[in-house]
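Raw model_29.tsv, TSV, C-alpha atoms:
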```tsv
chain	number	residue	atom	x	y	z
G	24	MET	CA	-21.90	14.35	-9.03
G	25	THR	CA	-19.72	17.39	-9.72
G	26	THR	CA	-20.64	20.31	-7.46
G	27	LEU	CA	-20.51	23.97	-8.42
G	28	ASP	CA	-17.38	24.46	-6.30
G	29	GLU	CA	-15.58	21.61	-8.09
G	30	ARG	CA	-16.07	22.91	-11.64
G	31	ASP	CA	-13.15	24.28	-13.58
G	32	PHE	CA	-13.93	28.00	-13.37
G	33	THR	CA	-10.98	28.80	-15.63
G	34	LEU	CA	-13.26	27.79	-18.51
G	35	LEU	CA	-15.52	30.74	-17.66
G	36	ARG	CA	-14.87	34.26	-18.89
G	37	ASP	CA	-16.48	37.59	-18.14
G	38	ALA	CA	-15.78	41.12	-19.43
G	39	LEU	CA	-12.53	41.18	-17.41
G	40	GLY	CA	-11.19	37.93	-18.85
G	41	PRO	CA	-11.03	34.29	-17.71
G	42	LEU	CA	-11.82	33.47	-14.10
G	43	ARG	CA	-8.87	32.38	-11.99
G	44	ASP	CA	-8.65	29.18	-10.00
G	45	ARG	CA	-10.20	29.77	-6.60
G	46	GLU	CA	-7.72	27.59	-4.69
G	47	GLN	CA	-4.67	29.18	-6.33
G	48	ILE	CA	-5.91	32.66	-5.48
G	49	ALA	CA	-6.52	31.66	-1.87
G	50	GLU	CA	-3.09	30.04	-1.64
G	51	ARG	CA	-1.40	33.28	-2.76
G	52	LEU	CA	-3.48	35.31	-0.32
G	53	LEU	CA	-2.56	32.96	2.52
G	54	GLU	CA	1.13	33.36	1.66
G	55	SER	CA	0.76	37.13	1.63
G	56	SER	CA	-1.04	37.00	4.99
G	57	LEU	CA	1.92	35.19	6.53
G	58	LYS	CA	4.30	37.89	5.33
G	59	HIS	CA	2.22	41.03	5.77
G	60	SER	CA	-0.11	40.75	8.77
G	61	PHE	CA	0.07	43.02	11.80
G	62	ASP	CA	-0.82	43.01	15.47
G	63	PRO	CA	-1.98	46.59	16.15
G	64	GLU	CA	-1.29	46.17	19.87
G	65	GLN	CA	2.40	45.65	19.11
G	66	GLU	CA	2.82	47.68	15.91
G	67	LEU	CA	1.37	50.97	17.17
G	68	ASP	CA	2.42	53.23	20.06
G	69	TRP	CA	-0.87	53.67	21.86
G	70	GLU	CA	0.73	55.50	24.80
G	71	ALA	CA	2.22	58.36	22.78
G	72	PRO	CA	0.32	61.65	23.10
G	73	PHE	CA	-1.38	63.17	20.08
G	74	GLU	CA	0.61	65.89	18.30
G	75	ASP	CA	-0.52	69.51	18.45
G	76	GLY	CA	-1.57	71.05	15.16
G	77	LYS	CA	-2.16	67.75	13.37
G	78	TRP	CA	-5.36	66.43	11.84
G	79	PHE	CA	-7.19	63.22	12.66
G	80	TRP	CA	-8.34	63.02	9.03
G	81	PRO	CA	-7.10	64.87	5.95
G	82	PRO	CA	-9.06	68.15	5.79
G	83	GLU	CA	-10.01	67.61	2.12
G	84	LEU	CA	-11.84	64.43	3.20
G	85	VAL	CA	-13.82	66.12	5.99
G	86	SER	CA	-17.45	66.41	4.94
G	87	LEU	CA	-17.76	70.20	5.29
G	88	TYR	CA	-14.47	71.05	3.60
G	89	ASP	CA	-14.67	74.09	1.28
G	90	THR	CA	-18.27	74.92	2.23
G	91	PRO	CA	-19.37	78.36	3.47
G	92	LEU	CA	-19.75	76.87	6.95
G	93	TRP	CA	-16.19	75.49	6.84
G	94	ARG	CA	-14.86	78.93	5.94
G	95	ARG	CA	-16.60	80.41	9.01
G	96	MET	CA	-15.22	77.77	11.39
G	97	SER	CA	-12.12	78.38	13.48
G	98	GLN	CA	-9.09	76.19	12.81
G	99	GLU	CA	-9.59	74.54	16.19
G	100	GLN	CA	-13.18	73.72	15.31
G	101	ARG	CA	-12.05	72.23	11.99
G	102	TYR	CA	-9.53	70.01	13.81
G	103	ASP	CA	-12.27	68.95	16.21
G	104	LEU	CA	-14.69	68.10	13.40
G	105	ALA	CA	-11.99	65.98	11.72
G	106	ARG	CA	-11.45	64.14	15.03
G	107	HIS	CA	-15.15	63.37	15.40
G	108	GLU	CA	-15.53	62.37	11.75
G	109	ALA	CA	-12.58	59.98	12.10
G	110	ALA	CA	-14.42	58.40	15.04
G	111	SER	CA	-17.62	58.24	13.01
G	112	LEU	CA	-15.85	56.47	10.15
G	113	ALA	CA	-14.14	54.08	12.57
G	114	SER	CA	-17.55	53.28	14.07
G	115	LEU	CA	-18.97	52.69	10.59
G	116	GLY	CA	-15.99	50.45	9.83
G	117	ILE	CA	-16.64	48.30	12.90
G	118	TRP	CA	-20.32	47.95	11.95
G	119	PHE	CA	-19.43	46.87	8.42
G	120	GLU	CA	-16.75	44.46	9.58
G	121	ILE	CA	-19.09	42.73	12.02
G	122	ILE	CA	-21.59	42.27	9.18
G	123	LEU	CA	-18.81	41.06	6.88
G	124	MET	CA	-17.63	38.48	9.40
G	125	GLN	CA	-21.15	37.05	9.63
G	126	LEU	CA	-21.45	36.89	5.84
G	127	LEU	CA	-18.08	35.16	5.49
G	128	VAL	CA	-18.95	32.53	8.08
G	129	ARG	CA	-22.20	31.84	6.24
G	130	HIS	CA	-20.35	31.65	2.91
G	131	ILE	CA	-17.98	28.90	4.09
G	132	TYR	CA	-20.51	26.92	6.15
G	133	ASP	CA	-21.13	24.29	3.44
G	134	LYS	CA	-17.65	24.31	1.89
G	135	SER	CA	-14.65	22.06	2.41
G	136	LEU	CA	-13.12	23.12	5.70
G	137	THR	CA	-9.62	22.12	4.57
G	138	SER	CA	-9.68	24.06	1.29
G	139	ASN	CA	-7.47	27.09	0.77
G	140	HIS	CA	-10.61	29.10	0.02
G	141	VAL	CA	-12.06	28.41	3.46
G	142	ARG	CA	-8.70	28.79	5.21
G	143	TYR	CA	-8.31	32.24	3.70
G	144	ALA	CA	-11.86	33.23	4.71
G	145	LEU	CA	-10.99	32.29	8.30
G	146	THR	CA	-7.77	34.30	8.01
G	147	GLU	CA	-9.75	37.30	6.81
G	148	ILE	CA	-12.18	36.94	9.71
G	149	ALA	CA	-9.21	37.05	12.08
G	150	ASP	CA	-7.97	40.19	10.31
G	151	GLU	CA	-11.36	41.84	10.68
G	152	CYS	CA	-11.49	41.01	14.39
G	153	ARG	CA	-8.18	42.82	14.88
G	154	HIS	CA	-9.33	45.75	12.73
G	155	SER	CA	-12.53	46.17	14.74
G	156	MET	CA	-10.61	46.17	18.03
G	157	MET	CA	-8.07	48.60	16.55
G	158	PHE	CA	-10.78	51.02	15.43
G	159	ALA	CA	-12.52	50.81	18.80
G	160	LYS	CA	-9.26	51.57	20.61
G	161	LEU	CA	-8.60	54.54	18.31
G	162	ILE	CA	-12.05	55.97	19.11
G	163	ARG	CA	-11.42	55.70	22.85
G	164	LYS	CA	-7.91	57.14	22.52
G	165	GLY	CA	-9.31	60.09	20.55
G	166	GLY	CA	-11.66	61.03	23.38
G	167	THR	CA	-14.85	61.08	21.32
G	168	PRO	CA	-18.04	59.04	21.69
G	169	ASP	CA	-18.59	56.16	19.34
G	170	TYR	CA	-21.04	56.84	16.52
G	171	PRO	CA	-23.33	53.87	15.81
G	172	VAL	CA	-25.45	54.05	12.68
G	173	PRO	CA	-29.08	55.12	13.21
G	174	ARG	CA	-31.28	52.39	14.65
G	175	ILE	CA	-33.37	52.09	11.51
G	176	TYR	CA	-30.31	51.23	9.41
G	177	HIS	CA	-28.85	49.02	12.12
G	178	ASN	CA	-32.03	46.94	11.95
G	179	LEU	CA	-32.31	47.16	8.15
G	180	ALA	CA	-28.84	45.61	7.99
G	181	ARG	CA	-30.21	42.63	9.92
G	182	VAL	CA	-32.65	42.09	7.07
G	183	LEU	CA	-30.13	42.71	4.30
G	184	LYS	CA	-27.55	40.29	5.69
G	185	THR	CA	-30.23	37.67	6.37
G	186	VAL	CA	-31.66	37.68	2.86
G	187	SER	CA	-28.42	38.49	1.05
G	188	THR	CA	-27.39	36.22	-1.78
G	189	THR	CA	-23.79	35.01	-1.93
G	190	PRO	CA	-22.87	37.49	-4.70
G	191	GLY	CA	-24.79	40.15	-2.80
G	192	SER	CA	-22.66	39.48	0.24
G	193	PHE	CA	-19.44	40.01	-1.68
G	194	ALA	CA	-20.78	43.12	-3.43
G	195	ALA	CA	-21.67	44.60	-0.04
G	196	THR	CA	-18.22	43.63	1.23
G	197	LEU	CA	-16.57	45.63	-1.53
G	198	LEU	CA	-18.87	48.58	-0.90
G	199	GLY	CA	-17.78	48.68	2.74
G	200	GLU	CA	-14.10	48.21	1.95
G	201	GLU	CA	-13.16	50.05	-1.22
G	202	ILE	CA	-14.39	53.59	-0.54
G	203	LEU	CA	-12.84	53.71	2.92
G	204	ASP	CA	-9.72	52.11	1.47
G	205	TRP	CA	-9.43	54.92	-1.09
G	206	MET	CA	-9.62	57.50	1.68
G	207	GLN	CA	-7.14	55.65	3.86
G	208	ARG	CA	-4.64	55.43	1.01
G	209	LEU	CA	-4.67	59.23	1.01
G	210	THR	CA	-4.39	59.33	4.80
G	211	PHE	CA	-1.49	57.11	5.82
G	212	PRO	CA	1.22	58.95	3.80
G	213	ASP	CA	-0.13	62.41	4.80
G	214	GLU	CA	2.28	63.99	7.29
G	215	ARG	CA	-0.37	66.52	8.34
G	216	VAL	CA	-2.26	63.66	10.01
G	217	GLN	CA	-1.69	62.27	13.52
G	218	THR	CA	0.96	59.52	13.59
G	219	LEU	CA	-1.37	57.03	15.30
G	220	VAL	CA	-4.13	57.59	12.72
G	221	ARG	CA	-1.61	57.11	9.92
G	222	GLY	CA	-0.45	53.88	11.52
G	223	VAL	CA	-4.00	52.56	11.86
G	224	THR	CA	-4.83	53.37	8.24
G	225	ARG	CA	-1.57	51.84	6.98
G	226	ILE	CA	-2.31	48.52	8.67
G	227	HIS	CA	-5.86	48.55	7.36
G	228	VAL	CA	-4.83	49.36	3.78
G	229	VAL	CA	-2.21	46.60	3.62
G	230	GLU	CA	-4.52	43.91	4.96
G	231	GLU	CA	-7.65	45.09	3.16
G	232	ALA	CA	-5.91	44.79	-0.20
G	233	ARG	CA	-6.09	41.01	0.23
G	234	HIS	CA	-9.72	41.16	1.31
G	235	VAL	CA	-10.64	43.18	-1.78
G	236	ARG	CA	-8.88	40.70	-4.06
G	237	TYR	CA	-10.69	37.77	-2.45
G	238	ALA	CA	-14.10	39.48	-2.69
G	239	ARG	CA	-13.62	40.69	-6.28
G	240	GLU	CA	-12.63	37.27	-7.58
G	241	GLU	CA	-15.48	35.55	-5.76
G	242	LEU	CA	-18.04	38.12	-6.91
G	243	ARG	CA	-16.97	37.63	-10.54
G	244	ARG	CA	-17.38	33.87	-10.11
G	245	GLN	CA	-20.78	34.22	-8.44
G	246	MET	CA	-22.15	36.61	-11.07
G	247	MET	CA	-21.14	34.13	-13.78
G	248	THR	CA	-22.68	31.08	-12.12
G	249	ALA	CA	-25.64	32.28	-10.02
G	250	PRO	CA	-29.16	31.77	-11.36
G	251	ARG	CA	-30.78	34.75	-13.05
G	252	TRP	CA	-33.09	35.57	-10.13
G	253	GLU	CA	-30.10	35.69	-7.79
G	254	GLN	CA	-28.21	38.02	-10.08
G	255	GLU	CA	-31.19	40.37	-10.31
G	256	PHE	CA	-31.73	40.34	-6.56
G	257	THR	CA	-28.04	41.04	-6.04
G	258	ARG	CA	-28.22	44.10	-8.29
G	259	LEU	CA	-31.14	45.43	-6.27
G	260	SER	CA	-29.76	44.65	-2.80
G	261	CYS	CA	-26.37	46.08	-3.74
G	262	GLY	CA	-28.00	49.34	-4.84
G	263	GLU	CA	-29.93	49.55	-1.58
G	264	ALA	CA	-26.75	48.85	0.39
G	265	ALA	CA	-25.06	51.75	-1.46
G	266	ARG	CA	-27.93	54.05	-0.52
G	267	VAL	CA	-27.72	53.05	3.16
G	268	PHE	CA	-23.93	53.36	3.15
G	269	SER	CA	-24.01	56.90	1.79
G	270	VAL	CA	-26.60	57.97	4.39
G	271	CYS	CA	-24.60	56.45	7.25
G	272	PHE	CA	-21.16	57.55	6.10
G	273	VAL	CA	-20.91	60.40	8.60
G	274	ASN	CA	-23.13	60.42	11.67
G	275	PRO	CA	-24.89	63.82	11.88
G	276	ARG	CA	-24.23	63.97	15.62
G	277	VAL	CA	-20.63	64.92	14.84
G	278	TYR	CA	-21.82	68.40	13.85
G	279	GLU	CA	-23.71	68.97	17.10
G	280	ASN	CA	-20.76	67.68	19.11
G	281	VAL	CA	-18.46	70.36	17.70
G	282	GLY	CA	-21.00	73.16	18.20
G	283	LEU	CA	-22.50	73.37	14.70
G	284	ASP	CA	-26.12	73.51	13.65
G	285	ARG	CA	-26.96	70.02	12.46
G	286	ARG	CA	-29.50	71.02	9.82
G	287	GLU	CA	-27.30	73.72	8.34
G	288	ALA	CA	-24.31	71.36	8.24
G	289	LEU	CA	-26.27	68.59	6.54
G	290	ALA	CA	-27.67	71.02	3.97
G	291	GLN	CA	-24.21	72.33	3.12
G	292	VAL	CA	-22.72	68.84	2.82
G	293	LYS	CA	-25.56	67.87	0.48
G	294	ALA	CA	-24.97	70.97	-1.66
G	295	SER	CA	-21.17	70.62	-1.70
G	296	GLY	CA	-19.70	69.88	-5.11
G	297	HIS	CA	-16.39	69.05	-3.47
G	298	ARG	CA	-17.99	66.44	-1.21
G	299	ARG	CA	-19.85	64.89	-4.12
G	300	GLU	CA	-16.61	64.66	-6.09
G	301	VAL	CA	-14.79	63.07	-3.13
G	302	MET	CA	-17.45	60.39	-2.66
G	303	GLN	CA	-17.71	59.59	-6.37
G	304	SER	CA	-13.92	59.51	-6.73
G	305	GLY	CA	-13.72	57.14	-3.77
G	306	ALA	CA	-16.32	54.86	-5.33
G	307	LYS	CA	-15.16	55.04	-8.96
G	308	ARG	CA	-12.81	52.07	-8.94
G	309	LEU	CA	-15.57	49.98	-7.38
G	310	THR	CA	-18.39	51.22	-9.62
G	311	ASP	CA	-16.28	50.66	-12.73
G	312	PHE	CA	-15.63	47.09	-11.61
G	313	LEU	CA	-19.30	46.44	-10.74
G	314	ASP	CA	-20.36	47.89	-14.08
G	315	ASP	CA	-17.91	45.64	-15.95
G	316	ILE	CA	-19.23	42.47	-14.32
G	317	GLY	CA	-22.91	43.34	-14.73
G	318	VAL	CA	-23.94	44.41	-11.22
G	319	LEU	CA	-24.91	48.01	-12.07
G	320	ARG	CA	-27.99	47.29	-14.13
G	321	GLY	CA	-31.73	47.93	-13.86
G	322	PRO	CA	-33.32	49.49	-10.75
G	323	GLY	CA	-30.14	48.82	-8.77
G	324	ARG	CA	-28.26	51.35	-10.91
G	325	ALA	CA	-30.87	53.99	-10.08
G	326	LEU	CA	-30.30	53.31	-6.37
G	327	TRP	CA	-26.56	53.78	-6.87
G	328	ARG	CA	-27.22	57.14	-8.54
G	329	ALA	CA	-29.56	58.12	-5.71
G	330	SER	CA	-26.80	57.30	-3.22
G	331	GLY	CA	-24.56	59.94	-4.80
G	332	LEU	CA	-21.75	57.41	-5.29
G	333	LEU	CA	-22.31	56.99	-9.02
G	334	ALA	CA	-22.02	59.98	-11.33
```
What does this structure look like when you write it as structure tokens?
Amino acid sequence: MTTLDERDFTLLRDALGPLRDREQIAERLLESSLKHSFDPEQELDWEAPFEDGKWFWPPELVSLYDTPLWRRMSQEQRYDLARHEAASLASLGIWFEIILMQLLVRHIYDKSLTSNHVRYALTEIADECRHSMMFAKLIRKGGTPDYPVPRIYHNLARVLKTVSTTPGSFAATLLGEEILDWMQRLTFPDERVQTLVRGVTRIHVVEEARHVRYAREELRRQMMTAPRWEQEFTRLSCGEAARVFSVCFVNPRVYENVGLDRREALAQVKASGHRREVMQSGAKRLTDFLDDIGVLRGPGRALWRASGLLA
């Protein structure tokens, strides 16, 4: 009997064109991994001191940028908020990557262990392990606390990753990767930013580009071949994941830890047109892709709008 994984997917076509051969894609990604993978312990100078007068995150990407509260803050307080928000985003990244690693292991559990597709998934898991350790080391080097997501969302993620469909897993993967990737692509060439932070984001951007390609191609394939109920559930779970992601993006404790009133800060972030534009710009490449392949439909689209990531 021919299994789903053995079918010729090149005969299938979605709004973006014909699907590509899964094994050929994985083979190219494996080749790229051999040429462009990094060991953060060796690539980055962790002993060098931080530079005076440099940001830990581009100011335009800090949540309070261009708000009345931002204009009242001292420059030192702005630098400090950027440092804590960088730690918050690194903490969020670790959380997402741990979830992603679990979803990838589950995805390959029943597949041929010698296939290129599975070999690349294992390569990606190794990448994510290094990224998580790199982010954790950056947090400690920066002298801030870590910023875990609120307990309710930590536990909700247990449910979401347990009941997630295969396409839902890859949609959530892209949600966790593409918005942060957009911000990091603005960060690593920015000479106003600390050299170590730029180095961390450069490594992450280079390696995440492969992860995004892998997830996009697999999500297209899954949305073409999954049963209707699974597609509908994926649309709903993906929308809920977007809502949770937007809530958890910056931990509100960062405001208290730099001497700001938490409620006032949250209210000004919510009212900020600049912040809304940043988040929607960061998500646009992803939402355009999800719309093209049929993920942003029905109640799930309403959840995406409620998250503030979809205009």
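Here CA of His297 (chain G) and CA of Leu87 (chain G) stand 8.9 Å from one another.
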Quiz prompt | For region 128-130 of chain G: contacts at 8 Å, only C-alpha atoms, fewer than 4 positions along chain excluded, given as a ChimeraX atom specification | solution = /G:124,134,144-145,189
Self-check item: Closest of G:Ile316, G:Leu259, G:Ala38, G:Leu92 to Glu287 (chain G) - atom-to-atom distances counting only C-alpha atoms
Solution: G:Leu92
Quiz item: Which of these residues is nearest to Arg258 (chain G), using only C-alpha atoms: G:Ser187, G:Asn178, G:Gln100, G:Thr224?
Solution: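 Distance minimum relative to Arg258 (chain G) lands on G:Ser187.
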Quiz item: Smallest atom-to-atom distance to Leu326 (chain G): which of G:Thr188, G:Ser269, G:Thr210, G:Asn280, using only C-alpha atoms?
Solution: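 Looking at the shortest contact to Leu326 (chain G), the residue is G:Ser269.
Closest to Asp284 (chain G) among G:Leu183, G:Met96, G:Ala113, G:Leu42 is G:Met96, based on only C-alpha atoms.
Here CA of Glu263 (chain G) and CA of Ala325 (chain G) stand 9.6 Å from one another.
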Practice problem: Please provide as a count of residues only all residues within 12 Å of Met246 (chain G), with the sequence filter that same-chain residues fewer than 5 positions apart are discarded (counting all atoms listed in the file). | Solution: 31
Quiz item: Which of these, G:Leu198, G:Cys152, G:Leu289, G:Val220, has the shortest distance to Trp327 (chain G) once you count all atoms listed in the file?
Solution: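 The shortest atom-to-atom distance to Trp327 (chain G) comes from G:Leu198.
Each of G:Pro63, G:Gly305, G:Gly321, G:Gly116 was compared to Val223 (chain G) using only C-alpha atoms, and G:Pro63 turns out to be the nearest.
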Taking 4 positions as the minimum chain separation for residues in the same chain, which residues sit within 12 Å of Leu52 (chain G) when counting all atoms listed in the file? Answer as a CSV table (one decimal) with C-alpha atoms, in the coordinates of the input.
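selection.csv, freshly written:
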```csv
chain,number,residue,atom,x,y,z
G,45,ARG,CA,-10.2,29.8,-6.6
G,46,GLU,CA,-7.7,27.6,-4.7
G,47,GLN,CA,-4.7,29.2,-6.3
G,48,ILE,CA,-5.9,32.7,-5.5
G,56,SER,CA,-1.0,37.0,5.0
G,57,LEU,CA,1.9,35.2,6.5
G,58,LYS,CA,4.3,37.9,5.3
G,59,HIS,CA,2.2,41.0,5.8
G,60,SER,CA,-0.1,40.8,8.8
G,139,ASN,CA,-7.5,27.1,0.8
G,140,HIS,CA,-10.6,29.1,0.0
G,141,VAL,CA,-12.1,28.4,3.5
G,142,ARG,CA,-8.7,28.8,5.2
G,143,TYR,CA,-8.3,32.2,3.7
G,144,ALA,CA,-11.9,33.2,4.7
G,145,LEU,CA,-11.0,32.3,8.3
G,146,THR,CA,-7.8,34.3,8.0
G,147,GLU,CA,-9.8,37.3,6.8
G,230,GLU,CA,-4.5,43.9,5.0
G,231,GLU,CA,-7.6,45.1,3.2
G,232,ALA,CA,-5.9,44.8,-0.2
G,233,ARG,CA,-6.1,41.0,0.2
G,234,HIS,CA,-9.7,41.2,1.3
G,235,VAL,CA,-10.6,43.2,-1.8
G,236,ARG,CA,-8.9,40.7,-4.1
G,237,TYR,CA,-10.7,37.8,-2.4
G,238,ALA,CA,-14.1,39.5,-2.7
G,240,GLU,CA,-12.6,37.3,-7.6
```
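The coordinates place CA of Arg181 (chain G) at 21.7 Å from CA of Glu201 (chain G).
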Self-check item: Polymer residues at most 10 Å from (-4.4, 64.6, 11.5) by all atoms listed in the file, as a list in words
Solution: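 Residues found, by chain and rising number: Phe73, Glu74, Asp75, Gly76, Lys77, Trp78, Phe79, Trp80, Pro81, Pro82, Tyr102, Ala105, Arg106, Ala109, Thr210, Phe211, Asp213, Glu214, Arg215, Val216, Gln217, Thr218, Leu219, Val220 and Arg221 of chain G.
Residues lying within 12 Å of Leu333 (chain G), counting all atoms listed in the file and ignoring same-chain neighbours fewer than 3 positions away, are Gly262, Ala265, Arg266, Ser269, Arg299, Glu300, Val301, Met302, Gln303, Ser304, Gly305, Ala306, Lys307, Arg308, Leu309, Thr310, Asp311, Leu313, Asp314, Leu319, Gly323, Arg324, Ala325, Leu326, Trp327, Arg328, Ala329 and Ser330 of chain G.
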Practice problem: Take the point (-22.3, 70.0, 11.3) in the file's coordinates, draw a sphere of radius 12 Å around it, and report as a ChimeraX atom specification every protein, DNA or RNA residue with an atom inside or on it, counting only C-alpha atoms. | Solution: /G:85-88,90-93,96,100-101,103-105,107-108,273-293
